[in-house]
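Q: Coordinates in data.txt, compact mmCIF, C-alpha atoms, are listed below.
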```txt
# COMPACT_ATOMS: atom_id res chain seq x y z
CA MET A 290 -19.35 2.69 -12.29
CA LYS A 291 -19.19 3.33 -8.56
CA ILE A 292 -18.31 7.03 -8.45
CA SER A 293 -18.40 9.40 -11.37
CA LYS A 294 -16.00 12.26 -11.97
CA GLU A 295 -18.58 14.75 -10.73
CA ASN A 296 -18.69 13.14 -7.27
CA ILE A 297 -15.13 11.95 -6.83
CA LYS A 298 -14.24 14.85 -4.52
CA LEU A 299 -16.58 13.42 -1.90
CA PHE A 300 -14.26 10.45 -1.54
CA ILE A 301 -10.73 11.82 -1.84
CA PRO A 302 -8.98 14.67 -0.02
CA GLN A 303 -7.35 16.18 -3.12
CA ARG A 304 -8.80 19.20 -4.91
CA GLU A 305 -8.28 20.79 -8.33
CA PRO A 306 -5.88 21.14 -9.97
CA PHE A 307 -4.33 18.15 -8.21
CA ILE A 308 -7.05 15.62 -8.87
CA MET A 309 -5.47 12.84 -10.97
CA ILE A 310 -8.39 10.41 -11.31
CA ASP A 311 -11.73 10.68 -13.10
CA ASN A 312 -14.04 7.80 -12.29
CA LEU A 313 -13.95 5.01 -9.75
CA ILE A 314 -15.06 2.13 -11.94
CA GLU A 315 -14.86 -0.90 -9.70
CA VAL A 316 -14.60 -1.42 -5.95
CA SER A 317 -14.37 -4.57 -3.93
CA GLU A 318 -12.84 -5.16 -0.52
CA ASP A 319 -9.44 -5.91 -2.06
CA ARG A 320 -9.42 -4.24 -5.47
CA PHE A 321 -10.12 -0.76 -6.84
CA VAL A 322 -10.12 0.35 -10.48
CA THR A 323 -10.13 3.94 -11.76
CA ASP A 324 -9.73 5.75 -15.04
CA PHE A 325 -8.19 9.10 -15.88
CA LYS A 326 -7.92 10.96 -19.16
CA VAL A 327 -4.78 13.09 -19.44
CA SER A 328 -6.08 16.51 -20.43
CA PHE A 329 -4.11 19.19 -22.24
CA ASP A 330 -4.29 21.50 -19.20
CA ASN A 331 -2.93 19.02 -16.64
CA ILE A 332 -0.45 20.86 -14.43
CA PHE A 333 1.99 17.93 -14.46
CA LEU A 334 2.46 17.87 -18.21
CA GLU A 335 5.86 18.47 -19.73
CA ARG A 336 6.02 18.61 -23.52
CA ALA A 337 2.66 16.81 -23.71
CA VAL A 338 3.90 13.97 -21.47
CA LEU A 339 2.58 13.38 -17.96
CA ARG A 340 5.40 13.35 -15.41
CA GLU A 341 6.13 10.30 -13.31
CA PHE A 342 5.04 11.82 -9.99
CA ALA A 343 1.58 12.37 -11.48
CA LEU A 344 1.39 8.64 -12.10
CA LEU A 345 2.19 8.00 -8.44
CA GLU A 346 -0.42 10.57 -7.47
CA ASN A 347 -2.89 8.74 -9.71
CA ILE A 348 -2.22 5.46 -7.89
CA ALA A 349 -2.45 7.16 -4.49
CA GLN A 350 -5.72 8.86 -5.38
CA SER A 351 -7.11 5.63 -6.83
CA SER A 352 -6.31 4.02 -3.49
CA ALA A 353 -7.89 6.88 -1.58
CA ALA A 354 -11.04 6.74 -3.69
CA GLY A 355 -11.47 3.01 -3.15
CA LEU A 356 -10.84 3.26 0.56
CA GLY A 357 -13.04 6.34 0.77
CA PHE A 358 -15.86 4.46 -0.92
CA LEU A 359 -15.50 1.45 1.37
CA ASN A 360 -15.46 3.70 4.43
CA LYS A 361 -18.07 6.17 3.23
CA ASP A 362 -20.25 5.64 6.27
CA LEU A 363 -17.54 6.97 8.58
CA LEU A 364 -17.99 10.54 9.71
CA GLY A 365 -15.73 13.32 8.53
CA LEU A 366 -13.89 14.28 5.37
CA PRO A 367 -11.70 11.70 3.68
CA ASP A 368 -8.13 12.08 4.83
CA GLY A 369 -4.85 10.20 4.82
CA PHE A 370 -1.21 10.22 3.80
CA ILE A 371 1.33 8.14 1.93
CA GLY A 372 3.60 6.35 4.37
CA GLY A 373 5.96 5.01 1.75
CA ILE A 374 6.42 3.87 -1.82
CA SER A 375 8.52 0.83 -2.72
CA ASN A 376 9.18 -1.62 -5.55
CA LEU A 377 8.56 1.18 -8.02
CA VAL A 378 9.03 0.24 -11.67
CA LEU A 379 8.35 2.85 -14.34
CA TYR A 380 7.95 1.49 -17.86
CA ASP A 381 6.63 4.48 -19.76
CA LEU A 382 4.79 7.78 -19.40
CA PRO A 383 1.34 8.69 -20.76
CA ARG A 384 0.71 11.49 -23.21
CA VAL A 385 -2.08 14.02 -23.61
CA ASN A 386 -5.41 12.33 -24.39
CA ASP A 387 -4.24 8.94 -23.15
CA CYS A 388 -6.69 7.28 -20.80
CA LEU A 389 -5.08 5.72 -17.74
CA HIS A 390 -6.59 2.59 -16.29
CA THR A 391 -5.34 2.01 -12.75
CA VAL A 392 -5.77 -1.13 -10.68
CA VAL A 393 -5.06 -1.10 -6.94
CA THR A 394 -4.88 -4.37 -5.05
CA LYS A 395 -4.95 -4.48 -1.26
CA LEU A 396 -2.14 -6.73 -0.05
CA THR A 397 -2.76 -6.34 3.66
CA GLN A 398 -4.29 -4.05 6.26
CA LEU A 399 -3.39 -3.38 9.86
CA GLY A 400 -5.81 -0.99 11.54
CA ASN A 401 -5.87 2.16 9.43
CA MET A 402 -2.66 1.28 7.58
CA TYR A 403 -2.74 -0.38 4.18
CA LEU A 404 -0.16 -2.04 1.99
CA LEU A 405 -1.38 -1.74 -1.59
CA LYS A 406 -0.08 -2.66 -5.01
CA GLY A 407 -0.79 -0.15 -7.76
CA GLU A 408 -0.54 -0.71 -11.51
CA SER A 409 -1.43 1.77 -14.24
CA TYR A 410 -2.06 0.96 -17.87
CA VAL A 411 -2.84 2.71 -21.14
CA ALA A 412 -4.79 0.17 -23.17
CA ASP A 413 -2.98 -3.06 -22.31
CA LYS A 414 0.42 -1.48 -21.83
CA LYS A 415 1.61 -1.22 -18.23
CA LEU A 416 3.18 2.14 -17.46
CA VAL A 417 4.03 1.84 -13.80
CA GLU A 418 3.75 -0.42 -10.79
CA CYS A 419 4.61 0.05 -7.15
CA LYS A 420 3.74 -0.82 -3.59
CA LEU A 421 2.17 1.92 -1.55
CA LYS A 422 1.84 2.22 2.20
CA LEU A 423 -1.17 4.35 2.95
CA VAL A 424 -2.46 5.59 6.28
CA GLY A 425 -6.02 6.80 6.42
CA MET A 426 -9.42 6.53 7.92
CA ALA A 427 -10.65 2.99 8.30
CA ARG A 428 -12.31 0.44 10.40
CA ASP A 429 -10.09 -2.37 11.61
CA SER A 430 -12.08 -4.74 9.45
CA ASN A 431 -11.03 -7.85 11.27
CA GLU A 432 -11.77 -6.67 14.78
CA MET B 191 13.04 -22.06 17.02
CA GLU B 192 16.54 -20.83 16.15
CA GLU B 193 16.03 -21.70 12.50
CA LEU B 194 12.74 -19.84 12.47
CA THR B 195 14.19 -16.73 14.11
CA ASN B 196 17.04 -16.66 11.60
CA THR B 197 14.59 -17.10 8.75
CA LEU B 198 12.47 -14.23 10.08
CA LYS B 199 15.49 -11.94 10.34
CA ASN B 200 16.49 -12.60 6.75
CA GLN B 201 12.94 -12.12 5.53
CA ILE B 202 12.65 -8.80 7.36
CA ILE B 203 15.97 -7.61 5.95
CA GLU B 204 14.90 -8.56 2.43
CA GLU B 205 11.32 -7.29 2.52
CA LEU B 206 12.21 -3.99 4.18
CA ASN B 207 15.38 -3.50 2.15
CA LEU B 208 17.52 -3.08 5.28
CA GLU B 209 20.72 -2.98 3.30
CA ASP B 210 23.09 -2.10 6.14
CA ILE B 211 21.85 -4.75 8.57
CA ARG B 212 22.81 -8.41 8.74
CA ALA B 213 20.77 -11.13 10.41
CA GLU B 214 23.38 -11.51 13.17
CA ASP B 215 22.98 -7.81 14.03
CA ILE B 216 19.39 -8.37 15.15
CA GLU B 217 18.86 -9.57 18.72
CA ASN B 218 15.98 -11.98 19.19
CA ASP B 219 14.53 -9.98 22.08
CA ALA B 220 15.34 -6.49 20.83
CA PRO B 221 12.38 -4.26 19.98
CA LEU B 222 11.63 -4.17 16.28
CA PHE B 223 10.36 -0.60 16.51
CA GLY B 224 11.94 2.54 17.88
CA ASP B 225 15.25 2.04 19.64
CA GLY B 226 15.73 -1.56 18.58
CA LEU B 227 15.78 -2.34 14.90
CA GLY B 228 14.43 1.14 14.24
CA LEU B 229 11.36 0.22 12.22
CA ASP B 230 8.47 2.67 12.14
CA SER B 231 4.83 1.80 12.65
CA ILE B 232 4.07 1.66 8.93
CA ASP B 233 6.76 -1.00 8.51
CA ALA B 234 4.45 -3.24 10.52
CA LEU B 235 2.56 -3.81 7.29
CA GLU B 236 5.55 -5.60 5.80
CA LEU B 237 5.83 -7.76 8.91
CA VAL B 238 2.18 -8.75 8.53
CA VAL B 239 2.85 -9.74 4.92
CA ILE B 240 5.86 -11.84 6.02
CA MET B 241 3.73 -13.61 8.62
CA GLU B 242 0.97 -14.31 6.09
CA ASN B 243 2.86 -15.07 2.91
CA TYR B 244 5.87 -16.97 4.24
CA HIS B 245 4.43 -18.59 7.35
CA GLY B 246 0.70 -18.85 6.68
CA VAL B 247 -0.22 -17.05 9.89
CA LYS B 248 -2.61 -14.13 9.87
CA ILE B 249 -2.54 -11.14 12.19
CA PRO B 250 -6.30 -10.64 12.57
CA ASN B 251 -6.29 -7.07 13.88
CA SER B 252 -4.07 -4.26 15.09
CA ALA B 253 -4.46 -5.22 18.77
CA ILE B 254 -2.94 -8.63 18.10
CA GLY B 255 -0.35 -6.95 15.93
CA LYS B 256 0.81 -4.80 18.82
CA GLU B 257 1.34 -7.92 20.92
CA VAL B 258 3.01 -10.02 18.25
CA LEU B 259 5.11 -7.57 16.25
CA VAL B 260 7.32 -6.69 19.18
CA SER B 261 10.47 -8.73 18.64
CA ILE B 262 11.79 -11.63 16.58
CA ASN B 263 11.03 -13.96 19.46
CA SER B 264 7.42 -12.81 19.81
CA MET B 265 6.86 -13.23 16.08
CA ALA B 266 8.42 -16.70 16.10
CA GLU B 267 6.39 -17.79 19.11
CA TYR B 268 3.16 -16.62 17.47
CA ILE B 269 4.03 -18.47 14.27
CA MET B 270 4.83 -21.70 16.10
CA GLN B 271 1.68 -21.47 18.18
CA HIS B 272 -0.64 -20.81 15.26
CA GLN B 273 0.98 -23.14 12.76
CA SER B 274 0.56 -25.99 15.24
CA GLU B 275 -3.09 -25.06 15.68
CA SER B 276 -3.83 -25.26 11.96
```
Would you mind writing the file's structure down as structure tokens?

A:
Amino acid sequence: MKISKENIKLFIPQREPFIMIDNLIEVSEDRFVTDFKVSFDNIFLERAVLREFALLENIAQSSAAGLGFLNKDLLGLPDGFIGGISNLVLYDLPRVNDCLHTVVTKLTQLGNMYLLKGESYVADKKLVECKLKLVGMARDSNE
Amino acid sequence: MEELTNTLKNQIIEELNLEDIRAEDIENDAPLFGDGLGLDSIDALELVVIMENYHGVKIPNSAIGKEVLVSINSMAEYIMQHQSES
């Protein structure tokens, strides 16, 4: 585990009740993995099912956590915004007490802009996938 | 060169889902961003992916990106130059 739930706020700009990840489990230069248990008091629940935009928020926050971890030596609070979402495919929605497992793969980077692929699973079942354009703090790693 | 520029136009249309634009609508020297094709700066990411995945040419940093991702011609010239080097 790279970042536990207790410390995740140091690496992402979101705050309760909008935090949609628990732990940052794995981080490498091109791949981030998080988990997230859907609790009964999640604000995006509807009839015990987590709404689709919460899944997108989960992928975005997983991306932010990974990038925040990789850039943790930069000064200032973590910050950024979603520039676009494409190739979105929604297969299913999670329910209360499901544990999401989200994998973000970095497809490319240009300066502080990232093109990422996000996929979320419950057990081995894929719930959603999309491409995410994210703008945030970063070094231009290839400069 | 003409084949490469046409290929690039079709790849940009497909990757960026530019449904109302045809390859023949894009001028080789027209700016890709702003008043030309109308892409925004974040769309540059898709252009980088096209350069890497379809043509095997990397854009090593954002400074090079600003020089290369200007027009269809500048992209094609960079591809031809760097493919011949490899």

Q: Chain A near chain B within 10 Å: what's each residue's closest atom pair and its distance in Å to one decimal, counting all atoms listed in the file, ordered by chain then ascending residue number, as a Markdown table?

A:
```
| residue | atom | partner | partner_atom | distance |
| --- | --- | --- | --- | --- |
| A:Ile371 | CA | B:Ile232 | CA | 9.9 |
| A:Gly372 | CA | B:Ile232 | CA | 6.6 |
| A:Gly373 | CA | B:Ile232 | CA | 8.1 |
| A:Ser375 | CA | B:Leu206 | CA | 9.2 |
| A:Leu396 | CA | B:Val239 | CA | 7.7 |
| A:Thr397 | CA | B:Val239 | CA | 6.7 |
| A:Gln398 | CA | B:Leu235 | CA | 6.9 |
| A:Leu399 | CA | B:Ser252 | CA | 5.3 |
| A:Gly400 | CA | B:Ser252 | CA | 5.1 |
| A:Asn401 | CA | B:Ser252 | CA | 8.7 |
| A:Met402 | CA | B:Ile232 | CA | 6.9 |
| A:Tyr403 | CA | B:Leu235 | CA | 7.0 |
| A:Leu404 | CA | B:Leu235 | CA | 6.2 |
| A:Leu405 | CA | B:Leu235 | CA | 9.9 |
| A:Lys422 | CA | B:Ile232 | CA | 7.1 |
| A:Leu423 | CA | B:Ile232 | CA | 8.4 |
| A:Val424 | CA | B:Ile232 | CA | 8.1 |
| A:Asp429 | CA | B:Asn251 | CA | 6.5 |
| A:Ser430 | CA | B:Asn251 | CA | 7.7 |
| A:Asn431 | CA | B:Asn251 | CA | 5.5 |
| A:Glu432 | CA | B:Asn251 | CA | 5.6 |
```

Q: Name the residues in contact with Gly407 of chain A at a cut-off of 6 Å, using all atoms listed in the file, excluding same-chain residues fewer than 4 positions from it; report them as a PyMOL selection string.

A: chain A and resi 348+392-393+418-419

Q: With distances taken over only C-alpha atoms, which residue among A:Leu421, A:Leu377, A:Ile297, A:Ile292 lies nearest Met309 of chain A?

A: A:Ile297

Q: Kindly indicate which residue among A:Arg336, A:His390, A:Lys395, A:Lys291 lies nearest to Ile314 of chain A, using only C-alpha atoms for the distances.

A: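 Counting only C-alpha atoms, the residue closest to Ile314 of chain A is A:Lys291.
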
Q: What separation in Å, quoted to one decimal, exists between atom CA of Leu259 of chain B and atom CA of Leu237 of chain B?

A: 7.4 Å

Q: Separation of atom CA of Ile308 of chain A and atom CA of Asn376 of chain A, in Å?

A: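 One can read the atom CA of Ile308 of chain A to atom CA of Asn376 of chain A distance as 23.9 Å.
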
Q: What's the 9 Å shell around Ala353 of chain A, counting all atoms listed in the file, without same-chain residues fewer than 6 positions away, as a PyMOL selection string?

A: chain A and resi 300-302+367-369+423+425

Q: Could you pull the residues within 8 Å of Val338 of chain A, counting only C-alpha atoms, minus those fewer than 5 positions along the same chain, as number ranges by chain?

A: A: 382-385

Q: What's the 12 Å shell around Tyr380 of chain A, counting only C-alpha atoms, without same-chain residues fewer than 6 positions away, as a list in words?

A: Glu341, Leu344, Glu408, Ser409, Tyr410, Val411, Lys414, Lys415, Leu416, Val417, Glu418 and Cys419 of chain A

Q: Counting all atoms listed in the file, which residue out of A:Leu359, A:Ala354, A:Leu339, A:Val378 sits closest to Lys294 of chain A?

A: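 Counting all atoms listed in the file, the residue closest to Lys294 of chain A is A:Ala354.
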
Q: Which value, in Å to one decimal, gives the distance between atom CA of Glu204 of chain B and atom CA of Thr391 of chain A?

A: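 Computing the Euclidean distance for atom CA of Glu204 of chain B and atom CA of Thr391 of chain A yields 27.4 Å.
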
Q: Closest to Asp215 of chain B among B:Met241, B:Asn196, B:Met270, B:Gly246, using only C-alpha atoms?

A: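 Closest candidate: B:Asn196.
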
Q: Within 12 Å of (4.8, -20.0, 9.2) (coordinates as in the file), grab all the protein and nucleic acid residues, counting only C-alpha atoms, and write them out as a tab-separated table (two decimals) with C-alpha atoms, in the coordinates of the input.

A:
```
chain	number	residue	atom	x	y	z
B	191	MET	CA	13.04	-22.06	17.02
B	193	GLU	CA	16.03	-21.70	12.50
B	194	LEU	CA	12.74	-19.84	12.47
B	195	THR	CA	14.19	-16.73	14.11
B	197	THR	CA	14.59	-17.10	8.75
B	198	LEU	CA	12.47	-14.23	10.08
B	201	GLN	CA	12.94	-12.12	5.53
B	238	VAL	CA	2.18	-8.75	8.53
B	239	VAL	CA	2.85	-9.74	4.92
B	240	ILE	CA	5.86	-11.84	6.02
B	241	MET	CA	3.73	-13.61	8.62
B	242	GLU	CA	0.97	-14.31	6.09
B	243	ASN	CA	2.86	-15.07	2.91
B	244	TYR	CA	5.87	-16.97	4.24
B	245	HIS	CA	4.43	-18.59	7.35
B	246	GLY	CA	0.70	-18.85	6.68
B	247	VAL	CA	-0.22	-17.05	9.89
B	248	LYS	CA	-2.61	-14.13	9.87
B	249	ILE	CA	-2.54	-11.14	12.19
B	265	MET	CA	6.86	-13.23	16.08
B	266	ALA	CA	8.42	-16.70	16.10
B	267	GLU	CA	6.39	-17.79	19.11
B	268	TYR	CA	3.16	-16.62	17.47
B	269	ILE	CA	4.03	-18.47	14.27
B	270	MET	CA	4.83	-21.70	16.10
B	271	GLN	CA	1.68	-21.47	18.18
B	272	HIS	CA	-0.64	-20.81	15.26
B	273	GLN	CA	0.98	-23.14	12.76
B	274	SER	CA	0.56	-25.99	15.24
B	275	GLU	CA	-3.09	-25.06	15.68
B	276	SER	CA	-3.83	-25.26	11.96
```
